[in-house]
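Structure below is my_file10.csv: CSV, C-alpha atoms (C1' of nucleotides).
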```csv
chain,number,residue,atom,x,y,z
A,1,MET,CA,83.5,109.2,48.6
A,2,ALA,CA,82.9,111.8,45.9
A,3,LEU,CA,86.2,110.8,44.3
A,4,GLU,CA,84.0,110.1,41.3
A,5,VAL,CA,85.5,113.2,39.7
A,6,PHE,CA,88.4,111.0,38.9
A,7,GLY,CA,86.3,108.2,37.4
A,8,ASP,CA,84.7,110.3,34.7
A,9,ARG,CA,85.8,111.2,31.3
A,10,TRP,CA,84.6,114.8,31.3
A,11,SER,CA,84.7,116.1,34.8
A,12,LEU,CA,88.4,116.5,35.0
A,13,LEU,CA,88.6,118.1,31.5
A,14,ILE,CA,86.0,120.6,32.6
A,15,VAL,CA,88.1,121.4,35.7
A,16,ARG,CA,91.2,121.7,33.6
A,17,ASP,CA,89.6,124.1,31.2
A,18,LEU,CA,88.3,126.3,34.0
A,19,MET,CA,91.7,126.2,35.6
A,20,VAL,CA,94.1,126.7,32.8
A,21,ARG,CA,92.2,127.7,29.8
A,22,GLY,CA,90.2,130.5,31.4
A,23,PHE,CA,86.8,129.0,30.5
A,24,ARG,CA,83.8,130.5,32.2
A,25,THR,CA,80.6,129.7,30.4
A,26,PHE,CA,78.6,126.9,29.0
A,27,TYR,CA,79.3,128.4,25.6
A,28,ASP,CA,83.0,128.2,26.1
A,29,PHE,CA,82.8,124.5,26.7
A,30,GLU,CA,80.3,123.8,23.9
A,31,ASN,CA,82.6,125.5,21.4
A,32,SER,CA,86.0,124.4,22.6
A,33,GLY,CA,86.4,121.6,20.2
A,34,GLU,CA,86.4,119.0,23.1
A,35,GLY,CA,83.2,117.5,21.6
A,36,ILE,CA,81.2,117.2,24.7
A,37,ALA,CA,77.5,116.7,24.2
A,38,THR,CA,75.4,119.6,25.7
A,39,ASN,CA,73.3,117.3,27.9
A,40,ILE,CA,76.4,115.7,29.4
A,41,LEU,CA,78.0,119.1,29.8
A,42,ALA,CA,75.0,120.4,31.7
A,43,ASP,CA,75.0,117.2,33.8
A,44,ARG,CA,78.6,117.4,34.7
A,45,LEU,CA,78.5,121.0,35.6
A,46,ARG,CA,75.6,120.3,37.9
A,47,ARG,CA,77.4,117.4,39.5
A,48,LEU,CA,80.6,119.4,39.9
A,49,CYS,CA,78.5,122.1,41.6
A,50,GLU,CA,76.9,119.5,43.9
A,51,ALA,CA,80.4,118.2,44.7
A,52,GLY,CA,81.4,121.7,45.7
A,53,ILE,CA,84.2,121.8,43.1
A,54,VAL,CA,82.5,124.4,41.0
A,55,GLU,CA,80.1,127.3,41.7
A,56,ARG,CA,77.8,129.1,39.3
A,57,GLU,CA,76.9,132.7,39.4
A,58,PRO,CA,74.7,134.6,36.9
A,59,ASP,CA,76.6,137.2,34.9
A,60,GLU,CA,75.9,140.8,36.0
A,61,LYS,CA,76.3,142.3,32.5
A,62,ASP,CA,74.5,139.6,30.5
A,63,ARG,CA,71.6,137.9,32.2
A,64,ARG,CA,71.6,135.0,29.8
A,65,ARG,CA,75.0,134.0,30.9
A,66,MET,CA,76.1,131.8,33.7
A,67,ASN,CA,79.6,132.0,35.0
A,68,TYR,CA,81.2,128.9,36.3
A,69,ARG,CA,84.1,129.1,38.6
A,70,LEU,CA,86.2,126.8,40.6
A,71,THR,CA,85.8,126.8,44.4
A,72,GLU,CA,88.8,126.4,46.7
A,73,LYS,CA,88.2,122.7,46.6
A,74,GLY,CA,88.3,122.8,42.8
A,75,ILE,CA,91.5,124.9,42.6
A,76,ASP,CA,93.1,122.4,45.0
A,77,LEU,CA,93.0,119.9,42.1
A,78,ALA,CA,95.8,121.9,40.5
A,79,PRO,CA,98.6,119.6,41.7
A,80,VAL,CA,96.7,116.5,40.4
A,81,LEU,CA,96.2,118.0,37.0
A,82,LEU,CA,99.8,119.1,36.9
A,83,GLU,CA,101.0,115.6,37.6
A,84,MET,CA,98.7,114.2,35.0
A,85,LEU,CA,100.0,116.6,32.5
A,86,ILE,CA,103.6,115.8,33.3
A,87,TRP,CA,102.9,112.1,33.1
A,88,GLY,CA,101.1,112.5,29.8
A,89,ALA,CA,103.9,114.5,28.4
A,90,ARG,CA,106.5,112.0,29.4
A,91,HIS,CA,104.7,108.9,28.2
A,92,GLU,CA,102.2,109.9,25.5
A,93,PRO,CA,102.6,111.8,22.3
A,94,SER,CA,100.7,114.8,23.4
A,95,GLY,CA,100.4,118.4,22.3
A,96,ALA,CA,102.6,119.7,25.1
A,97,PRO,CA,106.1,120.6,24.1
A,98,CYS,CA,108.6,118.5,26.0
A,99,GLU,CA,110.9,121.2,27.2
A,100,VAL,CA,108.1,123.2,28.6
A,101,ILE,CA,107.0,120.1,30.6
A,102,ALA,CA,110.4,119.4,31.8
A,103,GLU,CA,110.5,123.0,33.0
A,104,MET,CA,107.1,122.5,34.7
A,105,ALA,CA,108.2,119.3,36.4
A,106,LYS,CA,111.1,121.2,37.9
A,107,ASN,CA,108.9,124.0,39.2
A,108,ARG,CA,105.8,122.2,40.3
A,109,ASP,CA,105.1,124.4,43.3
A,110,ALA,CA,105.7,127.7,41.6
A,111,LEU,CA,103.4,126.6,38.8
A,112,VAL,CA,100.6,125.6,41.2
A,113,GLU,CA,101.1,128.9,43.0
A,114,GLU,CA,100.8,130.8,39.8
A,115,THR,CA,97.7,129.0,38.9
A,116,ARG,CA,96.2,129.9,42.2
A,117,ARG,CA,97.2,133.5,41.8
A,118,ARG,CA,95.6,133.8,38.4
A,119,TRP,CA,92.4,132.3,39.7
A,120,ARG,CA,92.4,134.5,42.8
A,121,GLU,CA,93.0,137.7,40.8
A,122,ARG,CA,90.7,136.5,38.0
A,123,ASP,CA,93.6,136.8,35.6
A,124,PRO,CA,92.1,135.1,32.5
A,125,ARG,CA,95.4,134.4,30.7
A,126,PRO,CA,95.7,130.7,30.0
A,127,ILE,CA,98.6,129.2,31.9
A,128,LEU,CA,99.2,126.5,29.3
A,129,PRO,CA,99.1,128.6,26.1
A,130,TRP,CA,99.2,125.7,23.7
A,131,LEU,CA,95.8,124.5,24.8
A,132,GLY,CA,94.2,127.7,23.7
A,133,GLY,CA,91.8,129.9,25.6
A,134,PRO,CA,88.1,130.3,25.0
A,135,GLN,CA,87.0,131.8,21.7
A,136,LEU,CA,86.6,135.4,22.6
A,137,VAL,CA,85.1,136.4,19.3
A,138,ARG,CA,81.7,135.1,18.8
A,139,LYS,CA,80.6,133.5,15.6
A,140,LYS,CA,78.3,136.0,13.9
A,141,ARG,CA,80.2,138.9,15.1
A,142,ALA,CA,83.4,137.5,13.8
A,143,ALA,CA,81.7,137.0,10.4
A,144,ARG,CA,80.5,140.5,10.3
A,145,ASN,CA,83.8,142.0,11.4
A,146,SER,CA,85.9,140.3,8.8
B,1,MET,CA,96.2,110.1,23.5
B,2,ALA,CA,95.9,107.2,25.8
B,3,LEU,CA,95.0,109.5,28.7
B,4,GLU,CA,91.9,107.4,28.8
B,5,VAL,CA,93.4,105.9,32.0
B,6,PHE,CA,92.1,109.1,33.7
B,7,GLY,CA,88.7,108.9,32.2
B,8,ASP,CA,87.8,105.5,33.5
B,9,ARG,CA,86.3,104.5,36.8
B,10,TRP,CA,88.4,101.3,37.4
B,11,SER,CA,91.7,101.7,35.6
B,12,LEU,CA,93.2,104.1,38.2
B,13,LEU,CA,91.9,102.0,41.1
B,14,ILE,CA,93.7,99.0,39.6
B,15,VAL,CA,96.9,100.9,39.3
B,16,ARG,CA,96.5,102.1,42.8
B,17,ASP,CA,96.0,98.6,44.1
B,18,LEU,CA,99.0,97.3,42.2
B,19,MET,CA,101.0,100.2,43.5
B,20,VAL,CA,100.1,100.7,47.1
B,21,ARG,CA,98.2,97.6,48.2
B,22,GLY,CA,100.6,95.0,46.8
B,23,PHE,CA,98.0,93.3,44.5
B,24,ARG,CA,99.3,91.0,41.9
B,25,THR,CA,96.6,88.6,40.7
B,26,PHE,CA,93.1,88.6,39.2
B,27,TYR,CA,92.0,86.9,42.4
B,28,ASP,CA,93.3,89.8,44.5
B,29,PHE,CA,91.2,92.3,42.6
B,30,GLU,CA,88.2,90.1,42.5
B,31,ASN,CA,88.1,89.6,46.2
B,32,SER,CA,89.3,93.1,47.3
B,33,GLY,CA,85.8,94.4,48.1
B,34,GLU,CA,86.1,97.0,45.4
B,35,GLY,CA,83.2,95.3,43.7
B,36,ILE,CA,84.5,95.2,40.1
B,37,ALA,CA,82.8,92.8,37.8
B,38,THR,CA,85.1,90.1,36.5
B,39,ASN,CA,84.5,90.9,32.8
B,40,ILE,CA,85.3,94.5,33.4
B,41,LEU,CA,88.3,93.6,35.4
B,42,ALA,CA,89.6,91.3,32.6
B,43,ASP,CA,89.0,94.1,30.1
B,44,ARG,CA,90.7,96.8,32.1
B,45,LEU,CA,93.7,94.6,32.8
B,46,ARG,CA,94.0,93.9,29.0
B,47,ARG,CA,93.7,97.6,28.2
B,48,LEU,CA,96.3,98.6,30.8
B,49,CYS,CA,98.6,96.0,29.3
B,50,GLU,CA,98.0,97.4,25.8
B,51,ALA,CA,98.6,100.9,27.1
B,52,GLY,CA,102.0,99.7,28.4
B,53,ILE,CA,101.1,100.6,32.0
B,54,VAL,CA,100.9,97.0,33.3
B,55,GLU,CA,102.6,93.8,32.2
B,56,ARG,CA,101.5,90.2,32.8
B,57,GLU,CA,103.7,87.3,33.5
B,58,PRO,CA,102.6,83.7,34.3
B,59,ASP,CA,103.5,82.6,37.8
B,60,GLU,CA,106.5,80.2,38.0
B,61,LYS,CA,105.2,78.3,40.9
B,62,ASP,CA,101.5,78.1,40.1
B,63,ARG,CA,100.7,77.9,36.4
B,64,ARG,CA,97.1,78.9,36.9
B,65,ARG,CA,98.2,82.2,38.1
B,66,MET,CA,99.0,85.4,36.2
B,67,ASN,CA,101.0,88.1,37.9
B,68,TYR,CA,100.3,91.6,37.0
B,69,ARG,CA,102.9,94.2,37.5
B,70,LEU,CA,103.3,97.9,36.8
B,71,THR,CA,105.7,98.9,34.1
B,72,GLU,CA,108.0,102.0,34.5
B,73,LYS,CA,105.2,104.0,32.8
B,74,GLY,CA,102.8,102.6,35.4
B,75,ILE,CA,104.9,103.4,38.4
B,76,ASP,CA,105.4,106.9,37.0
B,77,LEU,CA,101.7,107.4,37.9
B,78,ALA,CA,102.7,107.5,41.6
B,79,PRO,CA,102.8,111.3,41.9
B,80,VAL,CA,99.4,111.5,40.3
B,81,LEU,CA,97.9,109.0,42.7
B,82,LEU,CA,99.6,110.7,45.6
B,83,GLU,CA,98.1,114.1,44.7
B,84,MET,CA,94.7,112.5,44.3
B,85,LEU,CA,95.0,110.9,47.7
B,86,ILE,CA,96.0,114.2,49.3
B,87,TRP,CA,93.2,116.0,47.7
B,88,GLY,CA,90.7,113.4,48.7
B,89,ALA,CA,91.9,113.4,52.3
B,90,ARG,CA,91.7,117.1,52.5
B,91,HIS,CA,88.2,117.5,50.9
B,92,GLU,CA,86.4,114.2,51.3
B,93,PRO,CA,85.5,112.2,54.3
B,94,SER,CA,87.7,109.3,53.4
B,95,GLY,CA,89.3,106.4,55.2
B,96,ALA,CA,92.7,108.0,55.3
B,97,PRO,CA,93.7,109.5,58.6
B,98,CYS,CA,94.3,113.2,58.4
B,99,GLU,CA,97.6,113.4,60.2
B,100,VAL,CA,99.0,110.7,58.0
B,101,ILE,CA,98.0,112.6,54.9
B,102,ALA,CA,99.4,115.9,56.2
B,103,GLU,CA,102.6,114.1,56.7
B,104,MET,CA,102.5,112.7,53.2
B,105,ALA,CA,101.8,116.1,51.7
B,106,LYS,CA,105.0,117.3,53.4
B,107,ASN,CA,107.1,114.5,52.1
B,108,ARG,CA,105.7,113.9,48.6
B,109,ASP,CA,109.0,113.2,47.0
B,110,ALA,CA,110.2,110.8,49.7
B,111,LEU,CA,106.9,108.9,49.5
B,112,VAL,CA,107.1,108.6,45.7
B,113,GLU,CA,110.7,107.4,46.1
B,114,GLU,CA,109.7,104.8,48.7
B,115,THR,CA,106.9,103.6,46.4
B,116,ARG,CA,109.4,103.1,43.6
B,117,ARG,CA,111.8,101.3,45.9
B,118,ARG,CA,109.2,98.8,47.1
B,119,TRP,CA,108.2,98.2,43.5
B,120,ARG,CA,111.7,97.7,42.3
B,121,GLU,CA,112.6,95.4,45.1
B,122,ARG,CA,109.3,93.6,45.0
B,123,ASP,CA,108.7,94.6,48.6
B,124,PRO,CA,105.0,93.6,49.0
B,125,ARG,CA,104.2,95.6,52.1
B,126,PRO,CA,101.4,98.0,51.4
B,127,ILE,CA,102.5,101.6,51.6
B,128,LEU,CA,99.1,102.8,52.8
B,129,PRO,CA,98.3,100.3,55.5
B,130,TRP,CA,94.7,101.4,56.1
B,131,LEU,CA,93.7,100.4,52.6
B,132,GLY,CA,94.6,96.8,53.4
B,133,GLY,CA,96.7,94.4,51.4
B,134,PRO,CA,95.4,91.4,49.4
B,135,GLN,CA,93.7,88.6,51.3
B,136,LEU,CA,96.5,86.2,51.8
B,137,VAL,CA,94.2,83.5,53.2
B,138,ARG,CA,92.0,81.9,50.5
B,139,LYS,CA,88.4,81.1,51.1
B,140,LYS,CA,88.1,77.4,51.5
B,141,ARG,CA,91.4,77.0,53.3
B,142,ALA,CA,90.3,79.7,55.8
B,143,ALA,CA,87.1,77.8,56.4
B,144,ARG,CA,89.0,74.6,57.0
B,145,ASN,CA,91.5,76.1,59.3
B,146,SER,CA,89.0,77.8,61.6
C,1,DA,C1',59.4,148.0,19.1
C,2,DA,C1',60.2,143.9,16.5
C,3,DG,C1',62.8,140.4,14.7
C,4,DA,C1',67.2,138.0,14.5
C,5,DG,C1',70.6,136.0,17.2
C,6,DA,C1',72.9,134.4,21.5
C,7,DT,C1',73.1,131.6,25.7
C,8,DA,C1',72.0,127.8,28.6
C,9,DC,C1',69.9,124.6,28.9
C,10,DT,C1',66.1,120.1,28.2
C,11,DT,C1',64.0,116.1,25.8
C,12,DG,C1',63.6,111.8,23.2
C,13,DC,C1',65.8,108.2,21.2
C,14,DA,C1',69.8,105.2,19.6
C,15,DA,C1',74.3,103.3,20.7
C,16,DA,C1',77.8,102.1,23.8
C,17,DA,C1',79.4,100.7,28.2
C,18,DA,C1',78.8,98.6,32.7
C,19,DG,C1',77.0,95.1,35.7
C,20,DC,C1',75.3,90.4,37.0
C,21,DA,C1',75.0,85.5,37.0
C,22,DA,C1',76.5,81.6,35.2
C,23,DG,C1',79.8,78.7,32.7
C,24,DT,C1',84.4,76.9,31.2
C,25,DA,C1',89.3,75.5,30.8
C,26,DA,C1',93.5,74.7,32.8
C,27,DT,C1',96.0,73.7,36.8
C,28,DC,C1',96.8,72.2,41.5
C,29,DC,C1',96.1,69.6,45.8
C,30,DT,C1',95.1,65.4,48.4
D,1,DA,C1',90.8,60.5,40.5
D,2,DG,C1',88.1,64.2,42.1
D,3,DG,C1',87.3,68.4,44.2
D,4,DA,C1',89.1,73.1,44.6
D,5,DT,C1',91.3,77.2,42.7
D,6,DT,C1',92.4,80.6,39.3
D,7,DA,C1',91.6,83.3,35.4
D,8,DC,C1',89.0,84.2,32.6
D,9,DT,C1',84.4,84.2,28.9
D,10,DT,C1',79.5,84.4,27.5
D,11,DG,C1',74.8,86.0,27.4
D,12,DC,C1',71.7,89.2,29.0
D,13,DT,C1',69.8,93.4,31.6
D,14,DT,C1',70.5,97.9,33.2
D,15,DT,C1',72.8,102.2,33.1
D,16,DT,C1',75.3,105.8,30.9
D,17,DT,C1',76.6,108.3,26.9
D,18,DG,C1',75.9,110.6,22.6
D,19,DC,C1',73.3,112.9,19.0
D,20,DA,C1',69.8,115.9,17.0
D,21,DA,C1',66.4,118.7,17.8
D,22,DG,C1',63.8,121.9,20.6
D,23,DT,C1',62.8,125.6,24.1
D,24,DA,C1',62.9,129.6,27.3
D,25,DT,C1',65.2,133.8,28.4
D,26,DC,C1',67.8,137.6,27.3
D,27,DT,C1',70.3,140.9,24.1
D,28,DC,C1',71.5,143.3,20.1
D,29,DT,C1',70.4,145.6,15.8
D,30,DT,C1',67.6,148.4,13.0
```
Translate this structure into C-alpha cells?
Amino acid sequence: MALEVFGDRWSLLIVRDLMVRGFRTFYDFENSGEGIATNILADRLRRLCEAGIVEREPDEKDRRRMNYRLTEKGIDLAPVLLEMLIWGARHEPSGAPCEVIAEMAKNRDALVEETRRRWRERDPRPILPWLGGPQLVRKKRAARNS
Amino acid sequence: MALEVFGDRWSLLIVRDLMVRGFRTFYDFENSGEGIATNILADRLRRLCEAGIVEREPDEKDRRRMNYRLTEKGIDLAPVLLEMLIWGARHEPSGAPCEVIAEMAKNRDALVEETRRRWRERDPRPILPWLGGPQLVRKKRAARNS
DNA sequence: AAGAGATACTTGCAAAAAGCAAGTAATCCT
DNA sequence: AGGATTACTTGCTTTTTGCAAGTATCTCTT
C-alpha cells in the first residue's frame, strides 16, 4: 500500500502546509523555515504526485512557477491531520494554543468542512493562523520597499 | 516536539499493533510478518517508552518476557489511527473490506470508545479482525503438535 | 536589449539511519 | 542438565537524508 505517506518525515508536513498554510510553490516550502533540503523537497513532491495526493500545474502568469495543489485524495487527509494536531496539542508542548485546540476538537467536522471549502474555492487564508502563511513578500522586493 | 512518532515508518505500526491487534511482546512484533528488524524494533520500543506512549513491565508468570502496553497518551492516538485507516481504505487497495470501513467511518466515536474499553479491561480481542492477532502458537511447539 | 534576479529544480559527496545476519544472556521446560 | 524460548545487542552493508553548490528557464528593471 502507498500508506508510505505516513512513514515519512516530510510528506505529511508538505500536505499540511498545502492544506492549512496556503502553500503553493517550491519557493514557499523552501523558505518556510521548515528546513527541508531542496533535493528532498523535489523528491517528496514528485512522490506525492505519483501517489495522486498532489498535482502540479504550471503557473499561467509566471512560467517559471509550478503550482502544487492537493487532489481530492490529498484533501481527504484533513481528518488525519486534524486528529494529529489535536493529539499533539493535548500531549506535547506545541505552538498551538490549548483553547483553540479544545474548540477544534469539539467541532471536528465543521473544521474539516471549512478546510474543504477553502480548498475548493481557492481561499488562501490559512486555517491555522499561528502556523503562518507563505511569505508573500519576496526577499529583494521587500528590501527595496522598506 | 515529539511529533516524531508521525515521521517514522515503524512507530505508528507498533502503536497500531498494540492497539488493535493485541500485541504485547517483542516476540509478537518479531513474528508478525511486518518484517521489522530486531534492532530497529528494540530501538523504536525504547523511543516510544521515552516518549511516554508505551510502557514496559516484566511479565509476572514468565520472567523472560516483557509486556509492552500503551499509556493514556498512546491510546489517545486511536482517533489518528482510525482516520488513517479510513483514508487508506478509501484511497488505497488495502486489506480492509470496504463495507466495514464505511461502517467505521459512520461510528468513529463508538469505535474509539470500544478501543479504549478493550485496552482498559485488557480485552485482547483484536478490534480489526482481518489484520490478525499475535501468533498464539509458538514455532517449535506447533511443529511438535502437528 | 542586456544584465540582474527569481524559481524550480539537479548533482556530488558526507553523514545518518535502516536492514541483515549472527551472537548473547537470562529464563523456562522436561 | 540440556535444549528451547525470549529479548535483546553487535558488527557490517545498503539505503536514505542532508548540505552546498550548480544549472536551466523565465521575468523584471533599466
d(CA of Ala96 (chain B), CA of Arg47 (chain B)) in Å: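 Between CA of Ala96 (chain B) and CA of Arg47 (chain B) the gap works out to 29.0 Å.
The list of chain A residues within 8 Å of chain C is Phe26, Tyr27, Asn39, Ala42, Arg64, Arg65 and Met66 of chain A; this uses all atoms listed in the file.
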Produce a file of the selected residues containing C-alpha atoms, as a PDB file, keeping the file's coordinate frame.
```pdb
ATOM      1  CA  PHE A  26      78.600 126.900  29.000  1.00  0.00           C
ATOM      2  CA  TYR A  27      79.300 128.400  25.600  1.00  0.00           C
ATOM      3  CA  ASN A  39      73.300 117.300  27.900  1.00  0.00           C
ATOM      4  CA  ALA A  42      75.000 120.400  31.700  1.00  0.00           C
ATOM      5  CA  ARG A  64      71.600 135.000  29.800  1.00  0.00           C
ATOM      6  CA  ARG A  65      75.000 134.000  30.900  1.00  0.00           C
ATOM      7  CA  MET A  66      76.100 131.800  33.700  1.00  0.00           C
TER       8      MET A  66
END
```
Select residues of chain B: the criterion is any atom within 7 Å of an atom of chain A, counting all atoms listed in the file; output as JSON, numbers by chain. {"B": [1, 2, 3, 6, 7, 8, 9, 73, 76, 77, 79, 80, 83, 84, 87, 88, 91, 92, 93, 94]}
So that each row is one residue of chain D with an atom at most 7 Å from chain A, can you give its shortest atom pair and the distance in Å to one decimal, using only C-alpha atoms (C1' of nucleotides), rows by chain and rising number, as CSV?
```
residue,atom,partner,partner_atom,distance
D:DG18,C1',A:Ala37,CA,6.5
D:DT25,C1',A:Arg64,CA,6.7
D:DC26,C1',A:Arg64,CA,5.2
```
Can you write out the residues you just picked, keeping C-alpha atoms (C1' of nucleotides), as a CSV table (one decimal), in the coordinates of the input?
```csv
chain,number,residue,atom,x,y,z
D,18,DG,C1',75.9,110.6,22.6
D,25,DT,C1',65.2,133.8,28.4
D,26,DC,C1',67.8,137.6,27.3
```
At a cut-off of 12 Å, using only C-alpha atoms (C1' of nucleotides), what residues contact Gly22 (chain B)? Leave out same-chain residues fewer than 4 positions from it and give the result as a PyMOL selection string. chain B and resi 14-18+28-29+32+67-70+115+118-119+122-129+131-136
Residues just named, written with C-alpha atoms as an mmCIF file, in the coordinates of the input:
```
data_model
loop_
_atom_site.group_PDB
_atom_site.id
_atom_site.type_symbol
_atom_site.label_atom_id
_atom_site.label_comp_id
_atom_site.auth_asym_id
_atom_site.auth_seq_id
_atom_site.Cartn_x
_atom_site.Cartn_y
_atom_site.Cartn_z
ATOM 1 C CA ILE B 14 93.700 99.000 39.600
ATOM 2 C CA VAL B 15 96.900 100.900 39.300
ATOM 3 C CA ARG B 16 96.500 102.100 42.800
ATOM 4 C CA ASP B 17 96.000 98.600 44.100
ATOM 5 C CA LEU B 18 99.000 97.300 42.200
ATOM 6 C CA ASP B 28 93.300 89.800 44.500
ATOM 7 C CA PHE B 29 91.200 92.300 42.600
ATOM 8 C CA SER B 32 89.300 93.100 47.300
ATOM 9 C CA ASN B 67 101.000 88.100 37.900
ATOM 10 C CA TYR B 68 100.300 91.600 37.000
ATOM 11 C CA ARG B 69 102.900 94.200 37.500
ATOM 12 C CA LEU B 70 103.300 97.900 36.800
ATOM 13 C CA THR B 115 106.900 103.600 46.400
ATOM 14 C CA ARG B 118 109.200 98.800 47.100
ATOM 15 C CA TRP B 119 108.200 98.200 43.500
ATOM 16 C CA ARG B 122 109.300 93.600 45.000
ATOM 17 C CA ASP B 123 108.700 94.600 48.600
ATOM 18 C CA PRO B 124 105.000 93.600 49.000
ATOM 19 C CA ARG B 125 104.200 95.600 52.100
ATOM 20 C CA PRO B 126 101.400 98.000 51.400
ATOM 21 C CA ILE B 127 102.500 101.600 51.600
ATOM 22 C CA LEU B 128 99.100 102.800 52.800
ATOM 23 C CA PRO B 129 98.300 100.300 55.500
ATOM 24 C CA LEU B 131 93.700 100.400 52.600
ATOM 25 C CA GLY B 132 94.600 96.800 53.400
ATOM 26 C CA GLY B 133 96.700 94.400 51.400
ATOM 27 C CA PRO B 134 95.400 91.400 49.400
ATOM 28 C CA GLN B 135 93.700 88.600 51.300
ATOM 29 C CA LEU B 136 96.500 86.200 51.800
#
```
Length of the C1' of DT27 (chain D) to CA of Lys61 (chain A) vector [Å]: 10.4 Å
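Straight-line separation from CA of Arg24 (chain A) to CA of Glu55 (chain A): 10.7 Å.
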Selecting N, CA and C atoms, how would region 95-110 of chain A from this structure be written as a compact mmCIF listing (two decimals), in the first residue's frame?
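Result written to part_7.txt:
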```
# COMPACT_ATOMS: atom_id res chain seq x y z
N GLY A 95 3.04 24.68 19.54
CA GLY A 95 2.75 26.09 19.34
C GLY A 95 1.26 26.40 19.33
N ALA A 96 0.45 25.34 19.29
CA ALA A 96 -0.98 25.58 19.16
C ALA A 96 -1.61 25.91 20.52
N PRO A 97 -2.28 27.04 20.58
CA PRO A 97 -2.93 27.43 21.83
C PRO A 97 -3.97 26.40 22.25
N CYS A 98 -3.97 26.07 23.52
CA CYS A 98 -4.82 24.99 24.02
C CYS A 98 -6.31 25.22 23.82
N GLU A 99 -6.75 26.43 24.10
CA GLU A 99 -8.20 26.67 24.00
C GLU A 99 -8.66 26.49 22.57
N VAL A 100 -7.83 26.98 21.64
CA VAL A 100 -8.17 26.84 20.23
C VAL A 100 -8.34 25.38 19.87
N ILE A 101 -7.41 24.57 20.37
CA ILE A 101 -7.46 23.14 20.07
C ILE A 101 -8.69 22.50 20.69
N ALA A 102 -8.97 22.87 21.91
CA ALA A 102 -10.16 22.33 22.56
C ALA A 102 -11.40 22.63 21.72
N GLU A 103 -11.42 23.83 21.21
CA GLU A 103 -12.52 24.26 20.35
C GLU A 103 -12.57 23.39 19.09
N MET A 104 -11.38 23.19 18.50
CA MET A 104 -11.29 22.38 17.30
C MET A 104 -11.78 20.96 17.55
N ALA A 105 -11.37 20.41 18.68
CA ALA A 105 -11.75 19.04 19.00
C ALA A 105 -13.26 18.91 19.08
N LYS A 106 -13.91 19.99 19.53
CA LYS A 106 -15.36 19.93 19.65
C LYS A 106 -16.02 19.99 18.27
N ASN A 107 -15.40 20.75 17.35
CA ASN A 107 -16.03 20.94 16.04
C ASN A 107 -15.25 20.31 14.91
N ARG A 108 -14.79 19.10 15.11
CA ARG A 108 -14.01 18.42 14.08
C ARG A 108 -14.63 18.55 12.70
N ASP A 109 -15.87 18.15 12.60
CA ASP A 109 -16.50 18.07 11.29
C ASP A 109 -16.61 19.43 10.61
N ALA A 110 -16.98 20.43 11.41
CA ALA A 110 -17.11 21.77 10.85
C ALA A 110 -15.75 22.24 10.32
```
